[in-house]
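S.K.: One structure follows; several queries about it will come next.
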Amino acid sequence: MAEELKIKKGSTKEELYLELYPQLKSLVESEEDQIANMANISSALKETFNFFWVGFYRVIGERLVLGPFQGPIACTSIAFGKGVCGNSWKEEKIIIVPDVDLFPGHIACSSLSRSEIVVPVIRDNKVIAVLDIDSDELDSFNEIDAVNLEKICLLL
Ligand code: SME
């Protein structure tokens, strides 16, 4: 198991994801516990991209409950269909929000968050969690993030 991430500085976003993926794959494959794996994925994404907030909300009953994350403290509970996370769960799809102020019902855990991507974690055709990433800059996420984060979520 890699004890620390090996990421070259100055790479493009695509290259960073390419370097990160095999390291995450071997980390996750060597551990069965989902919380541990969510914790390391959050940390690796935060370290690699310096995103403002990276974390998981897990589906527990009728709500999303805050799971492993990196960044400032956040809302602990999100209802089905509420906010970007609850919508991603309901629609079972990735949601990219270029400007959080323009997303009706966006839940502002921090006033510094400006754009966001949420990726559902699907297992056995059911959403079991969502990966939520916030940026303190507008328009930080695109198709490259969507494709690569979806691939990372499939490891869980
Ligand atoms: N903005 C999210 C809430 C979670 S925080 O960003 C960490 C939402 O609208 O669902």
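Letters for chains follow the order of the structure tokens (A, B, ...), residue numbers begin at 1 for each chain, and ligand numbers begin at 1 in the order shown.
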Excluding same-chain residues fewer than 3 positions from A:Glu4, what lies within 12 Å of it counting only C-alpha atoms, as a ChimeraX atom specification?

M.R.: /A:1,7,20,23-24,27,40,43-44,47-48

S.K.: Can you tell me which residues sit at most 8 Å away from ligand 1, counting only C-alpha atoms and all ligand atoms, written as a short mmCIF file (atom, residue, chain, number, x, y, z; two decimals) with C-alpha atoms, in the first residue's frame?

M.R.:
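Once everything was written out, this is result_1.cif:
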data_model
loop_
_atom_site.label_atom_id
_atom_site.label_comp_id
_atom_site.auth_asym_id
_atom_site.auth_seq_id
_atom_site.Cartn_x
_atom_site.Cartn_y
_atom_site.Cartn_z
CA TRP A 53 -14.44 20.87 0.53
CA VAL A 54 -14.51 17.18 -0.39
CA GLY A 55 -16.65 14.59 1.30
CA ILE A 73 -17.51 21.68 9.14
CA ALA A 74 -20.65 20.99 7.12
CA CYS A 75 -24.39 20.32 7.37
CA ILE A 78 -29.82 16.42 3.93
CA LYS A 82 -33.10 18.64 -1.17
CA GLY A 83 -30.06 20.68 -2.23
CA VAL A 84 -27.62 19.53 -4.85
CA CYS A 85 -26.80 16.37 -2.90
CA GLY A 86 -30.42 15.35 -2.35
CA ASN A 87 -31.18 15.98 -6.02
CA VAL A 100 -24.29 27.74 -6.56
CA GLY A 105 -32.55 25.09 -3.25
CA HIS A 106 -28.76 24.90 -2.98
CA ILE A 107 -27.81 24.25 0.65
CA ALA A 108 -25.01 26.61 1.66
CA CYS A 109 -22.90 24.86 4.28
CA SER A 110 -20.29 27.58 3.73
CA SER A 113 -18.58 27.77 -1.72
CA GLU A 116 -20.03 22.28 -6.83
CA ASP A 132 -19.78 16.15 -2.89
CA ILE A 133 -17.01 18.56 -3.90
CA ASP A 134 -17.19 22.30 -3.39
#

S.K.: Would you mind reading off the distance between atom CA of A:Val28 and atom CA of A:Leu156, one decimal, in Å?

M.R.: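 Separation between atom CA of A:Val28 and atom CA of A:Leu156: 7.3 Å.
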
S.K.: Determine which residues of stretch 6-77 of chain A receive a DSSP assignment of alpha helix (DSSP H), computed from the backbone, and state them as a PyMOL selection string.

M.R.: chain A and resi 13-29+34-49

S.K.: Export, as a tab-separated table (two decimals), in the first residue's frame, the selected residues with N, CA, C and O atoms.

M.R.:
chain	number	residue	atom	x	y	z
A	13	LYS	N	-5.43	18.81	-15.10
A	13	LYS	CA	-6.44	18.14	-14.29
A	13	LYS	C	-6.58	16.67	-14.73
A	13	LYS	O	-6.65	15.76	-13.91
A	14	GLU	N	-6.60	16.45	-16.05
A	14	GLU	CA	-6.75	15.10	-16.57
A	14	GLU	C	-5.58	14.21	-16.14
A	14	GLU	O	-5.76	13.07	-15.72
A	15	GLU	N	-4.37	14.77	-16.23
A	15	GLU	CA	-3.17	14.01	-15.82
A	15	GLU	C	-3.20	13.71	-14.33
A	15	GLU	O	-2.80	12.63	-13.90
A	16	LEU	N	-3.67	14.67	-13.54
A	16	LEU	CA	-3.74	14.45	-12.09
A	16	LEU	C	-4.69	13.30	-11.77
A	16	LEU	O	-4.37	12.43	-10.96
A	17	TYR	N	-5.86	13.28	-12.44
A	17	TYR	CA	-6.79	12.17	-12.21
A	17	TYR	C	-6.15	10.84	-12.64
A	17	TYR	O	-6.32	9.81	-11.97
A	18	LEU	N	-5.42	10.87	-13.76
A	18	LEU	CA	-4.79	9.64	-14.26
A	18	LEU	C	-3.75	9.12	-13.28
A	18	LEU	O	-3.60	7.91	-13.09
A	19	GLU	N	-3.03	10.03	-12.64
A	19	GLU	CA	-2.02	9.61	-11.66
A	19	GLU	C	-2.67	9.11	-10.38
A	19	GLU	O	-2.20	8.19	-9.74
A	20	LEU	N	-3.76	9.78	-10.03
A	20	LEU	CA	-4.41	9.47	-8.76
A	20	LEU	C	-5.15	8.14	-8.78
A	20	LEU	O	-5.10	7.37	-7.81
A	21	TYR	N	-5.82	7.84	-9.89
A	21	TYR	CA	-6.73	6.69	-9.93
A	21	TYR	C	-6.08	5.36	-9.51
A	21	TYR	O	-6.62	4.67	-8.63
A	22	PRO	N	-4.93	4.98	-10.11
A	22	PRO	CA	-4.37	3.67	-9.72
A	22	PRO	C	-3.96	3.62	-8.25
A	22	PRO	O	-4.05	2.56	-7.61
A	23	GLN	N	-3.58	4.76	-7.71
A	23	GLN	CA	-3.20	4.79	-6.29
A	23	GLN	C	-4.44	4.60	-5.41
A	23	GLN	O	-4.41	3.86	-4.43
A	24	LEU	N	-5.53	5.25	-5.79
A	24	LEU	CA	-6.77	5.07	-5.03
A	24	LEU	C	-7.28	3.65	-5.17
A	24	LEU	O	-7.78	3.05	-4.23
A	25	LYS	N	-7.16	3.11	-6.40
A	25	LYS	CA	-7.64	1.75	-6.66
A	25	LYS	C	-6.92	0.78	-5.73
A	25	LYS	O	-7.55	-0.06	-5.08
A	26	SER	N	-5.60	0.89	-5.62
A	26	SER	CA	-4.90	-0.08	-4.79
A	26	SER	C	-5.20	0.15	-3.31
A	26	SER	O	-5.30	-0.81	-2.54
A	27	LEU	N	-5.39	1.40	-2.92
A	27	LEU	CA	-5.77	1.68	-1.52
A	27	LEU	C	-7.11	1.05	-1.18
A	27	LEU	O	-7.27	0.37	-0.17
A	28	VAL	N	-8.09	1.30	-2.06
A	28	VAL	CA	-9.46	0.83	-1.79
A	28	VAL	C	-9.54	-0.70	-1.88
A	28	VAL	O	-10.24	-1.34	-1.09
A	29	GLU	N	-8.81	-1.27	-2.83
A	29	GLU	CA	-8.86	-2.73	-2.98
A	29	GLU	C	-8.24	-3.47	-1.80
A	29	GLU	O	-8.52	-4.63	-1.59
A	34	GLN	N	-15.92	0.69	4.12
A	34	GLN	CA	-16.30	1.81	3.26
A	34	GLN	C	-15.97	3.17	3.85
A	34	GLN	O	-15.61	4.10	3.14
A	35	ILE	N	-16.09	3.29	5.16
A	35	ILE	CA	-15.79	4.59	5.80
A	35	ILE	C	-14.31	4.90	5.63
A	35	ILE	O	-13.93	6.03	5.30
A	36	ALA	N	-13.48	3.90	5.84
A	36	ALA	CA	-12.03	4.10	5.69
A	36	ALA	C	-11.72	4.52	4.25
A	36	ALA	O	-10.93	5.44	4.02
A	37	ASN	N	-12.36	3.86	3.30
A	37	ASN	CA	-12.09	4.17	1.90
A	37	ASN	C	-12.62	5.56	1.53
A	37	ASN	O	-11.95	6.31	0.80
A	38	MET	N	-13.79	5.91	2.02
A	38	MET	CA	-14.31	7.26	1.76
A	38	MET	C	-13.38	8.31	2.36
A	38	MET	O	-13.17	9.38	1.78
A	39	ALA	N	-12.84	8.01	3.52
A	39	ALA	CA	-11.93	8.96	4.18
A	39	ALA	C	-10.67	9.18	3.33
A	39	ALA	O	-10.25	10.31	3.09
A	40	ASN	N	-10.09	8.10	2.84
A	40	ASN	CA	-8.87	8.26	2.03
A	40	ASN	C	-9.15	8.90	0.67
A	40	ASN	O	-8.35	9.69	0.17
A	41	ILE	N	-10.31	8.59	0.09
A	41	ILE	CA	-10.65	9.23	-1.19
A	41	ILE	C	-10.82	10.74	-0.99
A	41	ILE	O	-10.32	11.55	-1.77
A	42	SER	N	-11.51	11.12	0.08
A	42	SER	CA	-11.69	12.55	0.37
A	42	SER	C	-10.35	13.24	0.54
A	42	SER	O	-10.10	14.31	-0.03
A	43	SER	N	-9.49	12.61	1.32
A	43	SER	CA	-8.18	13.20	1.57
A	43	SER	C	-7.36	13.33	0.29
A	43	SER	O	-6.76	14.37	0.01
A	44	ALA	N	-7.36	12.26	-0.51
A	44	ALA	CA	-6.55	12.26	-1.74
A	44	ALA	C	-7.03	13.33	-2.73
A	44	ALA	O	-6.22	14.02	-3.35
A	45	LEU	N	-8.35	13.49	-2.83
A	45	LEU	CA	-8.89	14.50	-3.76
A	45	LEU	C	-8.57	15.91	-3.26
A	45	LEU	O	-8.20	16.79	-4.03
A	46	LYS	N	-8.68	16.09	-1.97
A	46	LYS	CA	-8.39	17.42	-1.39
A	46	LYS	C	-6.91	17.75	-1.58
A	46	LYS	O	-6.56	18.87	-1.99
A	47	GLU	N	-6.05	16.78	-1.30
A	47	GLU	CA	-4.60	17.03	-1.43
A	47	GLU	C	-4.19	17.28	-2.87
A	47	GLU	O	-3.34	18.10	-3.16
A	48	THR	N	-4.78	16.51	-3.78
A	48	THR	CA	-4.37	16.60	-5.18
A	48	THR	C	-4.86	17.89	-5.84
A	48	THR	O	-4.12	18.52	-6.60
A	49	PHE	N	-6.11	18.25	-5.56
A	49	PHE	CA	-6.70	19.38	-6.30
A	49	PHE	C	-6.90	20.63	-5.43
A	49	PHE	O	-7.31	21.66	-5.94

S.K.: DSSP on the backbone: what in stretch 20-100 of chain A comes out strand (DSSP E), as number ranges by chain?

M.R.: A: 53-60, 63-70, 77-79, 95-97

S.K.: Using only C-alpha atoms, find the one residue out of A:Val147, A:Val118, A:Cys153, A:Val59 that sits nearest to A:Ile95.

M.R.: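 Answer, going by the shortest atom-to-atom distance: A:Val118.
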
S.K.: One decimal, Å: what's the distance from atom CA of A:Ser115 over to atom CA of A:Ile96, could you say?

M.R.: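 Here the two named atoms are 8.0 Å from each other.
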
S.K.: Separation of atom CA of A:Thr12 and atom CA of A:Gly67, in Å?

M.R.: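 Between atom CA of A:Thr12 and atom CA of A:Gly67 the gap works out to 28.9 Å.
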
S.K.: Here is a test: counting only C-alpha atoms, which residue of A:Phe103, A:Asn142, A:Phe51, A:Leu5 is nearest to A:Phe69?

M.R.: A:Phe51

S.K.: Between A:Asn125, A:Ser88, A:Thr76, A:Asn50, which one has atoms that come closest to A:Glu137, using only C-alpha atoms?

M.R.: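 When distances to A:Glu137 are compared using only C-alpha atoms, the smallest one comes from A:Asn50.
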